[in-house]
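Chemist: Below is coords-v8.txt; it holds compact mmCIF, C-alpha atoms.
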# COMPACT_ATOMS: atom_id res chain seq x y z
CA MET K 1 -25.48 -3.27 -13.92
CA ARG K 2 -25.64 -5.41 -10.78
CA VAL K 3 -22.03 -6.33 -10.04
CA ILE K 4 -20.69 -8.75 -7.45
CA VAL K 5 -17.09 -8.40 -6.28
CA VAL K 6 -15.82 -11.62 -4.75
CA GLY K 7 -13.40 -10.69 -1.98
CA GLY K 8 -14.50 -7.08 -2.18
CA THR K 9 -12.94 -5.69 1.00
CA GLY K 10 -9.28 -6.23 0.10
CA ASN K 11 -6.49 -4.04 -1.18
CA ILE K 12 -7.27 -3.71 -4.91
CA SER K 13 -10.96 -4.51 -4.55
CA THR K 14 -11.60 -1.50 -2.31
CA GLY K 15 -10.58 0.74 -5.22
CA ILE K 16 -12.68 -1.33 -7.61
CA VAL K 17 -15.82 -1.02 -5.49
CA LYS K 18 -15.41 2.76 -5.22
CA ALA K 19 -15.00 3.07 -8.99
CA LEU K 20 -18.01 0.83 -9.68
CA LEU K 21 -20.18 3.06 -7.51
CA GLU K 22 -18.84 6.18 -9.22
CA PHE K 23 -19.77 4.66 -12.59
CA GLY K 24 -23.34 4.08 -11.37
CA HIS K 25 -23.35 0.32 -10.86
CA GLU K 26 -25.24 -1.50 -8.11
CA VAL K 27 -22.53 -3.25 -6.08
CA ALA K 28 -22.48 -6.25 -3.77
CA VAL K 29 -19.42 -7.91 -2.24
CA PHE K 30 -18.92 -11.50 -1.19
CA THR K 31 -16.66 -11.70 1.85
CA ARG K 32 -15.90 -13.82 4.88
CA GLY K 33 -16.33 -10.73 7.01
CA GLN K 34 -12.94 -11.15 8.68
CA ARG K 35 -11.56 -7.79 7.56
CA GLN K 36 -12.80 -4.39 8.68
CA SER K 37 -14.54 -2.87 5.69
CA GLN K 38 -13.36 0.47 4.34
CA LEU K 39 -16.01 0.52 1.64
CA PRO K 40 -18.33 3.49 1.12
CA ASP K 41 -22.05 3.45 1.78
CA GLY K 42 -24.31 1.88 -0.80
CA VAL K 43 -22.66 -1.56 -0.92
CA SER K 44 -24.52 -4.73 0.04
CA PHE K 45 -22.70 -7.63 1.70
CA ILE K 46 -23.00 -11.38 1.27
CA HIS K 47 -21.01 -13.31 3.87
CA GLY K 48 -19.56 -16.71 3.20
CA ASP K 49 -16.49 -18.75 2.27
CA ARG K 50 -15.88 -19.56 -1.38
CA GLN K 51 -14.19 -22.80 -0.31
CA ASP K 52 -17.66 -23.98 0.73
CA ARG K 53 -18.25 -24.57 -2.95
CA ALA K 54 -21.91 -25.53 -2.89
CA ALA K 55 -23.00 -22.63 -0.69
CA PHE K 56 -20.88 -20.12 -2.61
CA GLU K 57 -22.15 -21.23 -6.00
CA ALA K 58 -25.77 -21.28 -4.82
CA ALA K 59 -25.47 -17.76 -3.37
CA MET K 60 -23.96 -16.39 -6.56
CA GLN K 61 -26.61 -18.01 -8.72
CA ALA K 62 -29.36 -16.70 -6.45
CA GLY K 63 -27.97 -13.18 -6.76
CA ALA K 64 -28.65 -13.13 -10.51
CA PHE K 65 -25.79 -10.68 -11.06
CA ASP K 66 -25.07 -9.07 -14.41
CA ALA K 67 -21.29 -9.08 -13.91
CA ALA K 68 -18.75 -10.54 -11.51
CA ILE K 69 -15.25 -9.43 -10.56
CA ASP K 70 -13.39 -12.27 -8.85
CA MET K 71 -10.47 -11.17 -6.66
CA ILE K 72 -9.85 -14.40 -4.78
CA SER K 73 -9.69 -17.16 -7.40
CA PHE K 74 -6.21 -18.62 -6.98
CA ASP K 75 -6.13 -21.95 -8.82
CA ARG K 76 -7.90 -24.29 -11.21
CA GLU K 77 -10.34 -25.52 -8.55
CA ASP K 78 -11.42 -21.96 -7.73
CA ALA K 79 -11.88 -21.25 -11.43
CA GLU K 80 -13.98 -24.41 -11.92
CA SER K 81 -16.22 -23.24 -9.10
CA ALA K 82 -16.43 -19.74 -10.59
CA ILE K 83 -17.62 -21.16 -13.92
CA ARG K 84 -20.44 -22.94 -12.12
CA ALA K 85 -21.25 -19.91 -9.97
CA PHE K 86 -21.23 -17.32 -12.74
CA ARG K 87 -22.31 -19.26 -15.81
CA ASP K 88 -25.22 -16.85 -16.34
CA VAL K 89 -23.43 -13.50 -15.97
CA ARG K 90 -22.95 -11.13 -18.90
CA HIS K 91 -19.30 -10.57 -17.97
CA TYR K 92 -16.81 -12.24 -15.63
CA ILE K 93 -13.51 -10.49 -14.78
CA HIS K 94 -10.77 -12.55 -13.18
CA CYS K 95 -8.00 -10.93 -11.14
CA SER K 96 -4.81 -12.70 -12.15
CA THR K 97 -1.28 -11.32 -11.59
CA VAL K 98 1.91 -10.32 -13.40
CA CYS K 99 3.55 -13.06 -11.30
CA THR K 100 2.39 -15.39 -14.07
CA TYR K 101 5.25 -13.98 -16.19
CA GLY K 102 7.88 -14.91 -13.60
CA GLY K 103 11.37 -13.55 -13.98
CA PRO K 104 13.50 -12.49 -15.56
CA LEU K 105 10.87 -11.24 -18.01
CA SER K 106 11.19 -12.47 -21.57
CA GLU K 107 10.50 -8.95 -22.90
CA LEU K 108 10.71 -5.40 -21.51
CA PRO K 109 8.36 -3.79 -20.95
CA ALA K 110 6.29 -6.96 -20.68
CA THR K 111 3.18 -7.12 -22.84
CA GLU K 112 0.30 -9.52 -22.41
CA SER K 113 2.02 -11.93 -24.81
CA CYS K 114 5.06 -12.24 -22.52
CA GLU K 115 6.18 -15.83 -21.93
CA LEU K 116 4.62 -17.43 -18.83
CA ARG K 117 7.22 -18.95 -16.50
CA PRO K 118 5.96 -18.39 -12.95
CA ILE K 119 8.39 -18.99 -10.11
CA LYS K 120 6.09 -19.69 -7.18
CA ASP K 121 2.88 -21.66 -6.60
CA TYR K 122 0.87 -18.42 -6.48
CA GLY K 123 1.78 -17.61 -10.08
CA ARG K 124 1.39 -21.19 -11.24
CA GLY K 125 -2.08 -21.38 -9.70
CA LYS K 126 -3.13 -18.19 -11.48
CA VAL K 127 -1.88 -19.52 -14.81
CA ALA K 128 -4.02 -22.64 -14.37
CA ALA K 129 -7.07 -20.54 -13.46
CA ASP K 130 -6.54 -18.15 -16.37
CA ASP K 131 -6.21 -20.99 -18.86
CA LEU K 132 -9.42 -22.66 -17.73
CA LEU K 133 -11.40 -19.43 -17.73
CA LEU K 134 -10.22 -18.42 -21.20
CA GLN K 135 -11.23 -21.86 -22.43
CA ALA K 136 -14.67 -21.33 -20.86
CA HIS K 137 -14.90 -18.08 -22.79
CA ALA K 138 -13.87 -19.79 -26.02
CA ASP K 139 -16.50 -22.48 -25.40
CA GLY K 140 -19.21 -19.82 -25.01
CA LEU K 141 -19.90 -20.52 -21.34
CA MET K 142 -19.48 -16.88 -20.28
CA PRO K 143 -17.62 -13.75 -21.44
CA VAL K 144 -14.28 -13.61 -19.58
CA THR K 145 -11.63 -10.91 -19.12
CA ILE K 146 -8.31 -11.48 -17.35
CA MET K 147 -6.70 -8.58 -15.46
CA LYS K 148 -3.05 -8.86 -14.38
CA PRO K 149 -2.18 -6.28 -11.73
CA ALA K 150 1.41 -5.46 -10.88
CA HIS K 151 2.34 -4.00 -7.46
CA THR K 152 -0.85 -2.27 -6.35
CA PHE K 153 -1.31 -0.67 -2.96
CA GLY K 154 -3.68 1.55 -1.03
CA PRO K 155 -4.96 2.40 2.45
CA SER K 156 -5.69 -1.23 3.33
CA TRP K 157 -2.10 -2.33 2.67
CA SER K 158 1.35 -1.29 3.86
CA VAL K 159 4.00 0.33 1.66
CA LEU K 160 6.21 -2.52 0.47
CA ARG K 161 9.95 -2.30 0.10
CA GLN K 162 12.07 -3.99 -2.55
CA LEU K 163 12.94 -6.96 -0.36
CA GLY K 164 9.38 -7.80 0.67
CA SER K 165 6.51 -6.96 2.98
CA ASP K 166 8.60 -5.60 5.86
CA GLY K 167 6.36 -2.92 7.32
CA ALA K 168 9.10 -1.58 9.58
CA TRP K 169 11.23 -0.08 6.84
CA LEU K 170 9.57 3.33 6.96
CA ASP K 171 10.15 3.37 10.71
CA ARG K 172 13.84 2.92 9.94
CA VAL K 173 13.66 5.89 7.62
CA ARG K 174 11.94 8.05 10.24
CA LYS K 175 14.66 7.15 12.75
CA GLY K 176 17.46 8.02 10.33
CA LYS K 177 18.62 4.44 9.86
CA PRO K 178 20.01 3.32 6.48
CA ILE K 179 18.04 0.80 4.45
CA ILE K 180 19.20 -1.93 2.10
CA VAL K 181 18.36 -1.88 -1.59
CA SER K 182 19.42 -4.87 -3.67
CA GLY K 183 21.93 -4.63 -6.49
CA ASP K 184 22.78 -1.12 -7.68
CA GLY K 185 19.23 0.19 -7.17
CA THR K 186 18.55 0.66 -10.88
CA ASN K 187 16.15 -2.25 -11.49
CA LEU K 188 12.85 -0.87 -12.83
CA TRP K 189 9.54 -1.50 -11.12
CA SER K 190 5.85 -0.85 -11.86
CA VAL K 191 3.53 0.34 -9.10
CA CYS K 192 -0.05 1.65 -9.03
CA SER K 193 -2.50 2.92 -6.44
CA SER K 194 -5.54 0.74 -5.76
CA ASP K 195 -7.87 3.64 -6.61
CA ASP K 196 -6.32 3.95 -10.09
CA ALA K 197 -6.38 0.19 -10.65
CA GLY K 198 -10.05 0.25 -9.67
CA LEU K 199 -10.77 2.48 -12.66
CA GLY K 200 -9.38 -0.18 -15.00
CA PHE K 201 -11.41 -3.03 -13.56
CA ALA K 202 -14.63 -1.04 -13.27
CA GLY K 203 -14.23 0.55 -16.68
CA ALA K 204 -14.00 -2.86 -18.33
CA VAL K 205 -17.29 -4.13 -16.89
CA GLY K 206 -19.73 -5.01 -19.65
CA ARG K 207 -17.43 -3.71 -22.41
CA GLU K 208 -17.53 -6.21 -25.27
CA THR K 209 -14.13 -5.07 -26.55
CA CYS K 210 -12.66 -6.60 -23.39
CA PHE K 211 -14.30 -10.01 -23.75
CA GLY K 212 -11.73 -12.77 -24.14
CA GLN K 213 -8.83 -10.39 -23.50
CA ILE K 214 -5.89 -10.29 -21.07
CA TYR K 215 -4.70 -6.94 -19.69
CA ASN K 216 -1.74 -5.81 -17.64
CA ILE K 217 -2.91 -3.20 -15.15
CA THR K 218 -0.52 -0.82 -13.45
CA HIS K 219 0.69 2.76 -13.80
CA PRO K 220 2.10 3.41 -17.30
CA GLU K 221 5.20 5.00 -15.75
CA PHE K 222 7.80 3.07 -13.75
CA MET K 223 10.73 3.87 -11.49
CA THR K 224 14.01 2.47 -10.19
CA TRP K 225 14.14 0.97 -6.73
CA ASP K 226 16.40 3.76 -5.52
CA GLU K 227 13.80 6.24 -6.77
CA TYR K 228 10.97 4.24 -5.19
CA HIS K 229 12.47 4.29 -1.71
CA THR K 230 13.68 7.88 -1.99
CA ARG K 231 10.28 9.15 -3.10
CA ALA K 232 8.46 7.17 -0.40
CA ALA K 233 10.76 8.64 2.24
CA ALA K 234 10.27 12.16 0.88
CA ALA K 235 6.50 11.67 0.99
CA ILE K 236 6.68 11.28 4.76
CA GLY K 237 9.10 14.19 5.07
CA CYS K 238 12.35 12.26 5.46
CA SER K 239 15.65 11.91 3.69
CA ILE K 240 17.07 8.44 3.18
CA GLU K 241 20.40 6.65 3.18
CA ILE K 242 20.52 3.66 0.85
CA VAL K 243 23.07 0.85 1.13
CA HIS K 244 23.35 -1.45 -1.89
CA VAL K 245 23.84 -5.15 -1.22
CA PRO K 246 23.99 -7.87 -3.93
CA ALA K 247 20.81 -9.90 -4.31
CA GLU K 248 22.67 -13.21 -4.05
CA VAL K 249 24.07 -12.19 -0.65
CA LEU K 250 20.66 -11.24 0.72
CA LEU K 251 18.97 -14.37 -0.60
CA ASP K 252 21.70 -16.49 0.96
CA VAL K 253 21.93 -14.74 4.33
CA VAL K 254 18.38 -13.54 5.09
CA PRO K 255 16.01 -15.43 2.74
CA ASP K 256 13.08 -15.07 5.16
CA HIS K 257 13.18 -11.30 4.64
CA CYS K 258 13.47 -11.43 0.85
CA GLY K 259 10.33 -13.04 -0.51
CA LEU K 260 9.72 -10.36 -3.11
CA LEU K 261 13.37 -10.24 -4.07
CA GLU K 262 13.38 -13.98 -4.69
CA SER K 263 10.37 -13.96 -6.99
CA GLN K 264 10.45 -10.58 -8.74
CA THR K 265 12.55 -7.61 -7.70
CA GLN K 266 16.03 -8.97 -8.39
CA TRP K 267 15.15 -8.31 -12.05
CA HIS K 268 13.53 -5.51 -14.02
CA GLN K 269 9.75 -5.88 -13.62
CA TYR K 270 7.79 -3.33 -15.60
CA TYR K 271 4.83 -3.69 -17.91
CA ASP K 272 3.17 -2.24 -20.98
CA VAL K 273 -0.42 -1.09 -20.28
CA GLY K 274 -1.09 0.41 -23.69
CA LYS K 275 -3.65 -2.28 -24.52
CA LEU K 276 -5.74 -1.51 -21.43
CA MET K 277 -5.52 2.25 -21.97
CA ARG K 278 -6.71 1.72 -25.56
CA ASP K 279 -9.68 -0.49 -24.68
CA VAL K 280 -10.70 1.10 -21.35
CA PRO K 281 -10.40 4.89 -21.67
CA GLU K 282 -11.54 5.31 -18.06
CA PHE K 283 -8.17 3.90 -17.00
CA ARG K 284 -6.06 7.02 -16.75
CA PRO K 285 -4.06 6.84 -13.49
CA GLN K 286 -4.21 10.16 -11.67
CA ARG K 287 -2.94 9.52 -8.15
CA SER K 288 0.73 10.22 -7.53
CA PHE K 289 2.95 7.68 -5.84
CA GLU K 290 3.49 10.13 -2.98
CA GLU K 291 -0.25 10.56 -2.42
CA ALA K 292 -0.69 6.78 -2.28
CA VAL K 293 2.16 6.42 0.23
CA LEU K 294 0.67 9.07 2.49
CA ALA K 295 -2.77 7.47 2.30
CA CYS K 296 -1.30 4.14 3.40
CA CYS K 297 0.60 5.68 6.30
CA GLU K 298 -2.41 7.69 7.46
CA ALA K 299 -4.65 4.61 7.34
CA GLU K 300 -2.13 2.57 9.34
CA ALA K 301 -1.95 5.34 11.95
CA GLU K 302 -5.75 5.40 12.23
CA ARG K 303 -5.80 1.63 12.72
CA GLY K 304 -3.03 1.82 15.31
CA ILE K 305 -0.61 -0.22 13.20
CA SER K 306 3.01 0.48 14.04
CA GLU K 307 6.09 -1.68 13.52
CA ASN K 308 9.22 -0.86 15.50
CA SER K 309 12.41 -1.28 13.49
CA ASP K 310 14.36 -1.53 16.75
CA ASP K 311 12.85 -4.98 17.28
CA SER K 312 14.95 -6.45 14.47
CA THR K 313 18.71 -6.29 13.95
CA TRP K 314 19.33 -8.22 10.72
CA GLU K 315 19.48 -5.17 8.48
CA ASP K 316 21.92 -3.31 10.73
CA GLU K 317 24.11 -6.40 10.97
CA ILE K 318 24.35 -6.78 7.18
CA ILE K 319 25.08 -3.09 6.68
CA ALA K 320 27.75 -3.16 9.39
CA ALA K 321 29.36 -6.27 7.89
CA GLN K 322 29.41 -4.75 4.41
CA ARG K 323 30.93 -1.53 5.67
CA ASP K 324 33.53 -3.42 7.69
CA MET K 325 34.49 -5.41 4.59
CA ALA K 326 34.77 -2.22 2.55
CA CYS K 327 37.09 -0.67 5.19
CA LYS K 328 39.30 -3.76 5.21
CA LEU K 329 39.58 -3.74 1.42
CA LYS K 330 40.51 -0.07 1.41
CA SER K 331 43.17 -0.69 4.08
CA ARG K 332 44.68 -3.46 1.94
CA GLU K 333 44.76 -1.20 -1.11
CA LYS K 334 46.68 1.46 0.84
CA LYS K 335 49.29 -1.10 1.88
Please lay out the structure from this file as structure tokens.
Modeler:
Amino acid sequence: MRVIVVGGTGNISTGIVKALLEFGHEVAVFTRGQRQSQLPDGVSFIHGDRQDRAAFEAAMQAGAFDAAIDMISFDREDAESAIRAFRDVRHYIHCSTVCTYGGPLSELPATESCELRPIKDYGRGKVAADDLLLQAHADGLMPVTIMKPAHTFGPSWSVLRQLGSDGAWLDRVRKGKPIIVSGDGTNLWSVCSSDDAGLGFAGAVGRETCFGQIYNITHPEFMTWDEYHTRAAAAIGCSIEIVHVPAEVLLDVVPDHCGLLESQTQWHQYYDVGKLMRDVPEFRPQRSFEEAVLACCEAEAERGISENSDDSTWEDEIIAAQRDMACKLKSREKK
């Protein structure tokens, strides 16, 4: 099949494109061309901006693609444009997000029927897009599948920490500095490599069983946040010292450093992927968490990306304050 991936040079989409090629599809990507491509040979490129609606829709119609995987549709307006652009395809796959479920989750592990109560505009926009696209499917305009990735990372993205996208945390680990983990470190989290997620997206292409369906897509196993940080540190050959700080303290004192904590990681966030594994047998995650961490770090080193944890003091200040408070409380108990 001739498949177009809209936004095909990003984090998850890089894994999707590789899987599509492995499965024998002819692949094109639509991109603004602002990101250095890490895609393999054999991919054709169409450059443009989907916000230029008329040009985008005309280009997609002219391509006469059999299937489309849309990675950068974020709201109802994007979805309306996608319906016009891809009204003739045999299958349209929309990349949504588990952020549509919000938090705390109404069921654990969360299935695709989990209540939708998104916390931020990103999740609310995806809900609106999903709803419109599923209605288009019901109306017979085009076959639609909704994919909801959880935390997915690969060589084009840094290794997140529980609090958010602070790329300096592994530098702290390398330098023997302690790191903060919220709560008692036992909240559960789902994470998947972009290469493994790519198998799920690519395996669904053209599969009638998937038409009109919603799928969570992440690794079927999950881990605690203490385990996450400890395993990431071990992958780069380091031990780690974890300091637990209550979520409410962090969100009050350093909210700018806690975007992920605010919207997801202060609660359990793990998902059932049994439906996807049933309908798309190609989706059998193989890459270990440690392998994915190393791939990210190696790619950052090749690109010359390096964040110095010495440039920021907020984490050390919170840890010092917590330890000082603990010492004072112990002194009072002795008296």
Chemist: Quick one: of K:Asn216, K:Thr97, K:Ser156, K:Ser190, who's nearest to Ser113 (chain K), counting all atoms listed in the file?
Modeler: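 The answer is K:Asn216, which sits nearest to Ser113 (chain K).
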Chemist: One number please: CA of Ser263 (chain K) to CA of Gly103 (chain K), in Å, one decimal.
Modeler: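 It comes out at 7.1 Å.
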Chemist: Write out as number ranges by chain the residues lying within 10 Å of Ala58 (chain K), counting only C-alpha atoms and excluding same-chain residues fewer than 3 positions away.
Modeler: K: 53-55, 61-63, 84-86
Chemist: I need the residue nearest Glu302 (chain K) from this list: K:Gly212, K:Gly167, K:Pro285, K:Pro155. Use all atoms listed in the file for the distance.
Modeler: K:Pro155
Chemist: I'd like the contact shell of Ile319 (chain K) - 9 Å cut-off, only C-alpha atoms, skipping same-chain residues fewer than 2 positions apart - returned as a PyMOL selection string.
Modeler: chain K and resi 178-180+243-245+314-317+321-324
Chemist: With a distance cut-off of 9 Å and all atoms listed in the file, select the neighbouring residues of Gly42 (chain K), excluding the residue or stretch itself and same-chain residues fewer than 5 positions from it, and output the selection as a list in words.
Modeler: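 Surrounding residues, per the criterion: Leu21, Glu26, Val27 and Ala28 of chain K.
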Chemist: Convert the current residue selection to file output with C-alpha atoms, as a PDB file, in the frame of the given file.
Modeler:
ATOM      1  CA  LEU K  21     -20.180   3.060  -7.510  1.00  0.00           C
ATOM      2  CA  GLU K  26     -25.240  -1.500  -8.110  1.00  0.00           C
ATOM      3  CA  VAL K  27     -22.530  -3.250  -6.080  1.00  0.00           C
ATOM      4  CA  ALA K  28     -22.480  -6.250  -3.770  1.00  0.00           C
TER       5      ALA K  28
END
Chemist: With all atoms listed in the file as the basis for distance, which of K:Pro143, K:Gly185, K:Gly198, K:Gly10 is at the shortest distance from Met71 (chain K)?
Modeler: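 Closest residue, counting all atoms listed in the file: K:Gly10.
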Chemist: Taking (-4.8, -4.3, -24.0) in the file's coordinates as the center, which residues reach within 8 Å of it, counting all atoms listed in the file, put as a list of chain:residue names?
Modeler: K:Glu112, K:Gln213, K:Ile214, K:Tyr215, K:Asn216, K:Val273, K:Gly274, K:Lys275, K:Leu276, K:Met277, K:Arg278, K:Asp279
Chemist: Skipping near chain neighbours, those fewer than 3 positions away, what residues fall within 10 Å of Trp189 (chain K) using all atoms listed in the file, listed as a list in words?
Modeler: Ala150, His151, Gln162, Thr186, Glu221, Phe222, Met223, Thr224, Trp225, Glu227, Tyr228, Gln264, Thr265, Trp267, His268, Gln269, Tyr270 and Tyr271 of chain K
Chemist: Identify the residues around (-21.8, -5.9, -11.6) within a radius of 8 Å, measuring from all atoms listed in the file in the coordinates stated by the file, and give them as a count of residues only.
Modeler: 16
Chemist: Show me, as a PyMOL selection string, the residues that have an atom within 12 Å of region 126-133 of chain K when counting all atoms listed in the file, minus same-chain residues fewer than 2 positions from it.
Modeler: chain K and resi 70-84+86-87+91-102+115-124+135-149+211-215
Chemist: Take the residues just selected and output them with C-alpha atoms as a PDB file, keeping the file's coordinate frame.
Modeler:
ATOM      1  CA  ASP K  70     -13.390 -12.270  -8.850  1.00  0.00           C
ATOM      2  CA  MET K  71     -10.470 -11.170  -6.660  1.00  0.00           C
ATOM      3  CA  ILE K  72      -9.850 -14.400  -4.780  1.00  0.00           C
ATOM      4  CA  SER K  73      -9.690 -17.160  -7.400  1.00  0.00           C
ATOM      5  CA  PHE K  74      -6.210 -18.620  -6.980  1.00  0.00           C
ATOM      6  CA  ASP K  75      -6.130 -21.950  -8.820  1.00  0.00           C
ATOM      7  CA  ARG K  76      -7.900 -24.290 -11.210  1.00  0.00           C
ATOM      8  CA  GLU K  77     -10.340 -25.520  -8.550  1.00  0.00           C
ATOM      9  CA  ASP K  78     -11.420 -21.960  -7.730  1.00  0.00           C
ATOM     10  CA  ALA K  79     -11.880 -21.250 -11.430  1.00  0.00           C
ATOM     11  CA  GLU K  80     -13.980 -24.410 -11.920  1.00  0.00           C
ATOM     12  CA  SER K  81     -16.220 -23.240  -9.100  1.00  0.00           C
ATOM     13  CA  ALA K  82     -16.430 -19.740 -10.590  1.00  0.00           C
ATOM     14  CA  ILE K  83     -17.620 -21.160 -13.920  1.00  0.00           C
ATOM     15  CA  ARG K  84     -20.440 -22.940 -12.120  1.00  0.00           C
ATOM     16  CA  PHE K  86     -21.230 -17.320 -12.740  1.00  0.00           C
ATOM     17  CA  ARG K  87     -22.310 -19.260 -15.810  1.00  0.00           C
ATOM     18  CA  HIS K  91     -19.300 -10.570 -17.970  1.00  0.00           C
ATOM     19  CA  TYR K  92     -16.810 -12.240 -15.630  1.00  0.00           C
ATOM     20  CA  ILE K  93     -13.510 -10.490 -14.780  1.00  0.00           C
ATOM     21  CA  HIS K  94     -10.770 -12.550 -13.180  1.00  0.00           C
ATOM     22  CA  CYS K  95      -8.000 -10.930 -11.140  1.00  0.00           C
ATOM     23  CA  SER K  96      -4.810 -12.700 -12.150  1.00  0.00           C
ATOM     24  CA  THR K  97      -1.280 -11.320 -11.590  1.00  0.00           C
ATOM     25  CA  VAL K  98       1.910 -10.320 -13.400  1.00  0.00           C
ATOM     26  CA  CYS K  99       3.550 -13.060 -11.300  1.00  0.00           C
ATOM     27  CA  THR K 100       2.390 -15.390 -14.070  1.00  0.00           C
ATOM     28  CA  TYR K 101       5.250 -13.980 -16.190  1.00  0.00           C
ATOM     29  CA  GLY K 102       7.880 -14.910 -13.600  1.00  0.00           C
ATOM     30  CA  GLU K 115       6.180 -15.830 -21.930  1.00  0.00           C
ATOM     31  CA  LEU K 116       4.620 -17.430 -18.830  1.00  0.00           C
ATOM     32  CA  ARG K 117       7.220 -18.950 -16.500  1.00  0.00           C
ATOM     33  CA  PRO K 118       5.960 -18.390 -12.950  1.00  0.00           C
ATOM     34  CA  ILE K 119       8.390 -18.990 -10.110  1.00  0.00           C
ATOM     35  CA  LYS K 120       6.090 -19.690  -7.180  1.00  0.00           C
ATOM     36  CA  ASP K 121       2.880 -21.660  -6.600  1.00  0.00           C
ATOM     37  CA  TYR K 122       0.870 -18.420  -6.480  1.00  0.00           C
ATOM     38  CA  GLY K 123       1.780 -17.610 -10.080  1.00  0.00           C
ATOM     39  CA  ARG K 124       1.390 -21.190 -11.240  1.00  0.00           C
ATOM     40  CA  GLN K 135     -11.230 -21.860 -22.430  1.00  0.00           C
ATOM     41  CA  ALA K 136     -14.670 -21.330 -20.860  1.00  0.00           C
ATOM     42  CA  HIS K 137     -14.900 -18.080 -22.790  1.00  0.00           C
ATOM     43  CA  ALA K 138     -13.870 -19.790 -26.020  1.00  0.00           C
ATOM     44  CA  ASP K 139     -16.500 -22.480 -25.400  1.00  0.00           C
ATOM     45  CA  GLY K 140     -19.210 -19.820 -25.010  1.00  0.00           C
ATOM     46  CA  LEU K 141     -19.900 -20.520 -21.340  1.00  0.00           C
ATOM     47  CA  MET K 142     -19.480 -16.880 -20.280  1.00  0.00           C
ATOM     48  CA  PRO K 143     -17.620 -13.750 -21.440  1.00  0.00           C
ATOM     49  CA  VAL K 144     -14.280 -13.610 -19.580  1.00  0.00           C
ATOM     50  CA  THR K 145     -11.630 -10.910 -19.120  1.00  0.00           C
ATOM     51  CA  ILE K 146      -8.310 -11.480 -17.350  1.00  0.00           C
ATOM     52  CA  MET K 147      -6.700  -8.580 -15.460  1.00  0.00           C
ATOM     53  CA  LYS K 148      -3.050  -8.860 -14.380  1.00  0.00           C
ATOM     54  CA  PRO K 149      -2.180  -6.280 -11.730  1.00  0.00           C
ATOM     55  CA  PHE K 211     -14.300 -10.010 -23.750  1.00  0.00           C
ATOM     56  CA  GLY K 212     -11.730 -12.770 -24.140  1.00  0.00           C
ATOM     57  CA  GLN K 213      -8.830 -10.390 -23.500  1.00  0.00           C
ATOM     58  CA  ILE K 214      -5.890 -10.290 -21.070  1.00  0.00           C
ATOM     59  CA  TYR K 215      -4.700  -6.940 -19.690  1.00  0.00           C
TER      60      TYR K 215
END
Chemist: Looking at all atoms listed in the file, which of K:Asp196, K:Asp272, K:Asp311, K:Glu282 is the one that sits closest to Pro220 (chain K)?
Modeler: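 Answer, going by the shortest atom-to-atom distance: K:Asp272.
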Chemist: Pick out the closest residue to Ile318 (chain K) from this set: K:Gly304, K:Gly154, K:Pro104, K:Pro246. Count all atoms listed in the file.
Modeler: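 Closest to Ile318 (chain K) of all the choices is K:Pro246.
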Chemist: Between CA of Arg287 (chain K) and CA of Cys192 (chain K), measure the distance and give it in Å to one decimal.
Modeler: 8.4 Å
Chemist: Give me, please, the distance in Å between CA of Gly24 (chain K) and CA of Thr152 (chain K), quoted to one decimal.
Modeler: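 CA of Thr152 (chain K) lies at a distance of 23.9 Å from CA of Gly24 (chain K).
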Chemist: Find, counting only C-alpha atoms, the residue in K:Ala59, K:Val159, K:Val17, K:Val249 that gets nearest to Leu39 (chain K).
Modeler: K:Val17
